[in-house]
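Below: one structure, written as structure tokens.
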Amino acid sequence: MPVHNSHIADVLNETADLLEIKGENPFRVRAYRNAARTIESLGQAAAELIEQGKNLADLPGIGEDLAGKIEQIAKTGDFDLLTELKAQLPEELIELLAIPGLGAKRIAQIHHQLKVSSVDDLKAALDAGKIGRLEGFGKKTEQNIREELEKLSRRPPVRTLLFRAEEIAASLAAYLKKAKGVKDITLAGSFRRRRETVRDLDILATCTKDSNIMDHFVRYDNVQKVISQGRKRSTVMLRSDFHVDVRVVPEVSYGAAIIYFTGSKEHNIAIRKLGIQNDLKLNEYGLFKDRKRIAGKTETEVYKTLGLPYIAPELRENRGELEAAQKDRLPKLITLEDIKGDLHVHSTYTDGRHSIEQMARAAKKRGYPYIAIADHSRHVSVAGGMGPDAVRKQIDEINKLNEKLTGITILKGIEVDILEDGTLDLPDDVLEKLDLCVCSLHYKFNLSKQKQTDRVLRAMDNPHFNIFAHPSGRLINQREPYELDMEQIFKAAGVNGCRVELNAHPDRLDINDLHCKMAKDMGVGVVISTDAHQTEHLDYMRYGIGQARRGWLEPDDVINTRPLDSLKRLLKRS
DNA sequence: GCCGTTTTCGGCCCGACTGTTTTCAGTCG
């Protein structure tokens, strides 16, 4: 059983947690956390890299020591240091770190002075009123811990889908703009980096001196609790259990603040280090030489003064964007305007809500010269999947519509199921009549990694296989991806002239950002499609674009940026 | 524990807010 990167990262993070509670050198703790992050965003299994004889110490933030330790974890799943730490400290202490307001120092203190080892112990200590009597604690701290603990037991924290965060952000931003003296509002944070999920919302504002923005903010109807309120920063919890931060910054600092609060934290640390190398100090108020501010008003100005071109928010993950920027090799990221059509759209022939004509007209309205109808094949019976007769009927209808409609071409496609044995759900003589085949898995999700991979590889041997749709099968916050060797699949796709879909549905966003980058690096074409089941879903394209940008994709990496004739050529497998 | 166009030692991002304090530690992002 190969050890997953996520397991290695978990082990390293647990180690970091216990080291921190133990009171170890904070920089050592940070080294473990950095290494965990590096491994997690690797895109390839660390165990495989080791097998191939690669030295993990070449990775950023991993030295010879950690490389050796990671090797142990990758080979055995266990880690001696963690075992030792667990012998010294109860591992349940780690769970206490999840309580806001309780950090390593305080946990160590309550552990040593009150013998608290678990969440249950903590509850008992609270009930006995022991916490508030500890040095440095007090009544208020005790009450806060009690409330956070109750909240935690009620509901585990789930990151909010970008889609949902967008709705919350839009109405709140509109509300904030109505406060007195507000000049500008910017939504920063992972929201601006277009991460698939968002933990909280960071809002920046510039305003006049006499503005009442903070009072206005905490009075927002949707506020459940005011966590802190200051002149420069306030934090609230919305009724939807969503944290929102508002920061007021002076205009001379606005660009620096936007960079700072857009993050990611890792990107910020990296550019600060770059500043330090040049004797410059970067913080949310600007870029300083000695005590003089030399940049800060706009993001571009700050980057430029650091010797860098502007870096798009979606790239700011410290995954190589700084090195690319320094070499002037940043990707020219794809935008929504580059998209010429949607290649995975459903209709009333199966489980869509709108007719083919309605979907086509809606696509035309969005400026697309083409669209592909890709309804389900028969195996997906719950969706009323099509057999050969239904496909022929649909082909006839599309032919007629193409004669009738102007300014849009409807491509004849299908979302055909990949059966358990790797064959496709419809015979070749049906598939060959279509312009494209979007292929996907809809059942038998729990096959072993190699069996699932072989299933897809066999399907790709079928010359009609064009696009592998929602490859990982994950549903964000709901369903884990199936076991699949993406590298093998991308390799085969490259050889066979198949493409991979970036499904733009906000619950899916599948493939993810790391796999987008992997496809690009391996030269496999990506298709960004919405999987729309009604006309409004065509607008999901923007989430796909966000994900694609996070994966460094440029217009040329995505085949539905091509005009129709060149797209058709690309869809021909030789 | 990592890292190096000053360094193989001595740095390691930095500021706001809270709650506890009488000047600051802890936590957070």
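Chain lettering (A, B, ...) mirrors the order of the structure tokens, residue numbering begins at 1 for each chain separately, and ligand numbering begins at 1 in order of display.
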Rows by chain and residue number, chain B within 7 Å of chain A, shortest pair, only C-alpha atoms (C1' of nucleotides), as a tab-separated table:
```
residue	atom	partner	partner_atom	distance
B:DG1	C1'	A:Arg28	CA	4.7
B:DC2	C1'	A:Gly61	CA	6.1
B:DC12	C1'	A:Phe27	CA	6.7
B:DC13	C1'	A:Ile269	CA	5.7
B:DC14	C1'	A:Asn283	CA	6.7
B:DT20	C1'	A:Gly136	CA	5.9
B:DT27	C1'	A:Gly101	CA	6.1
```
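For the atom pair formed by atom CA of His533 of chain A and atom CA of Asp485 of chain A, the distance is 28.9 Å, given to one decimal.
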Residues of segment 276-498 of chain A in strand (DSSP E or B), written as a PyMOL selection string: chain A and resi 280-283+286-289+292-295+341-345+370-377+386+409-418+424+436-440+467-468+475+479
If you keep C-alpha atoms, can you produce a file of those selected residues as a PDB file, in the first residue's frame?
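What follows is the written file part07.pdb:
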```pdb
ATOM      1  CA  LEU A 280      13.735  46.541   1.845  1.00  0.00           C
ATOM      2  CA  LYS A 281      10.998  45.931   4.360  1.00  0.00           C
ATOM      3  CA  LEU A 282       7.574  44.929   3.093  1.00  0.00           C
ATOM      4  CA  ASN A 283       4.488  45.019   5.243  1.00  0.00           C
ATOM      5  CA  GLY A 286       4.150  49.557   1.958  1.00  0.00           C
ATOM      6  CA  LEU A 287       7.635  48.767   0.829  1.00  0.00           C
ATOM      7  CA  PHE A 288      10.203  50.638   2.934  1.00  0.00           C
ATOM      8  CA  LYS A 289      13.839  51.508   2.492  1.00  0.00           C
ATOM      9  CA  LYS A 292      11.017  55.784   3.887  1.00  0.00           C
ATOM     10  CA  ARG A 293       8.087  54.333   1.973  1.00  0.00           C
ATOM     11  CA  ILE A 294       9.214  53.751  -1.615  1.00  0.00           C
ATOM     12  CA  ALA A 295       6.107  51.932  -2.880  1.00  0.00           C
ATOM     13  CA  GLY A 341     -17.522  27.368 -26.600  1.00  0.00           C
ATOM     14  CA  ASP A 342     -18.731  24.903 -24.021  1.00  0.00           C
ATOM     15  CA  LEU A 343     -18.121  21.237 -24.839  1.00  0.00           C
ATOM     16  CA  HIS A 344     -20.080  19.506 -22.097  1.00  0.00           C
ATOM     17  CA  VAL A 345     -23.703  20.571 -21.910  1.00  0.00           C
ATOM     18  CA  TYR A 370     -20.102  26.789 -30.823  1.00  0.00           C
ATOM     19  CA  ILE A 371     -21.448  24.462 -28.137  1.00  0.00           C
ATOM     20  CA  ALA A 372     -21.452  20.681 -27.787  1.00  0.00           C
ATOM     21  CA  ILE A 373     -24.434  18.798 -26.448  1.00  0.00           C
ATOM     22  CA  ALA A 374     -23.136  15.877 -24.403  1.00  0.00           C
ATOM     23  CA  ASP A 375     -26.018  14.038 -22.785  1.00  0.00           C
ATOM     24  CA  HIS A 376     -25.637  10.873 -20.753  1.00  0.00           C
ATOM     25  CA  SER A 377     -25.419   7.404 -22.270  1.00  0.00           C
ATOM     26  CA  MET A 386     -29.565   7.587 -24.211  1.00  0.00           C
ATOM     27  CA  THR A 409     -22.904  25.765 -34.335  1.00  0.00           C
ATOM     28  CA  ILE A 410     -24.126  22.863 -32.242  1.00  0.00           C
ATOM     29  CA  LEU A 411     -21.661  20.006 -32.083  1.00  0.00           C
ATOM     30  CA  LYS A 412     -22.996  16.480 -31.690  1.00  0.00           C
ATOM     31  CA  GLY A 413     -21.491  15.009 -28.590  1.00  0.00           C
ATOM     32  CA  ILE A 414     -22.230  12.572 -25.840  1.00  0.00           C
ATOM     33  CA  GLU A 415     -21.138  11.985 -22.279  1.00  0.00           C
ATOM     34  CA  VAL A 416     -20.551   8.296 -22.638  1.00  0.00           C
ATOM     35  CA  ASP A 417     -19.962   6.073 -19.633  1.00  0.00           C
ATOM     36  CA  ILE A 418     -16.760   4.153 -19.223  1.00  0.00           C
ATOM     37  CA  LEU A 424     -17.606   2.549 -23.741  1.00  0.00           C
ATOM     38  CA  LEU A 436     -16.967  14.318 -30.026  1.00  0.00           C
ATOM     39  CA  CYS A 437     -17.118  11.878 -27.137  1.00  0.00           C
ATOM     40  CA  VAL A 438     -16.854  13.108 -23.598  1.00  0.00           C
ATOM     41  CA  CYS A 439     -16.080  10.034 -21.493  1.00  0.00           C
ATOM     42  CA  SER A 440     -16.570   9.650 -17.776  1.00  0.00           C
ATOM     43  CA  ILE A 467     -12.211  14.042 -23.579  1.00  0.00           C
ATOM     44  CA  PHE A 468     -11.928  12.533 -20.104  1.00  0.00           C
ATOM     45  CA  LEU A 475     -17.349  16.500  -5.130  1.00  0.00           C
ATOM     46  CA  ARG A 479     -17.003  13.005  -2.002  1.00  0.00           C
TER      47      ARG A 479
END
```
DSSP-assigned alpha helix (DSSP H) members of segment 116-212 of chain A, reported as a VMD selection string: chain A and resid 119 to 127 139 to 154 162 to 176 189 to 192
Separation of atom CA of Ala532 of chain A from atom CA of Tyr349 of chain A, in Å and rounded to one decimal: 13.3 Å
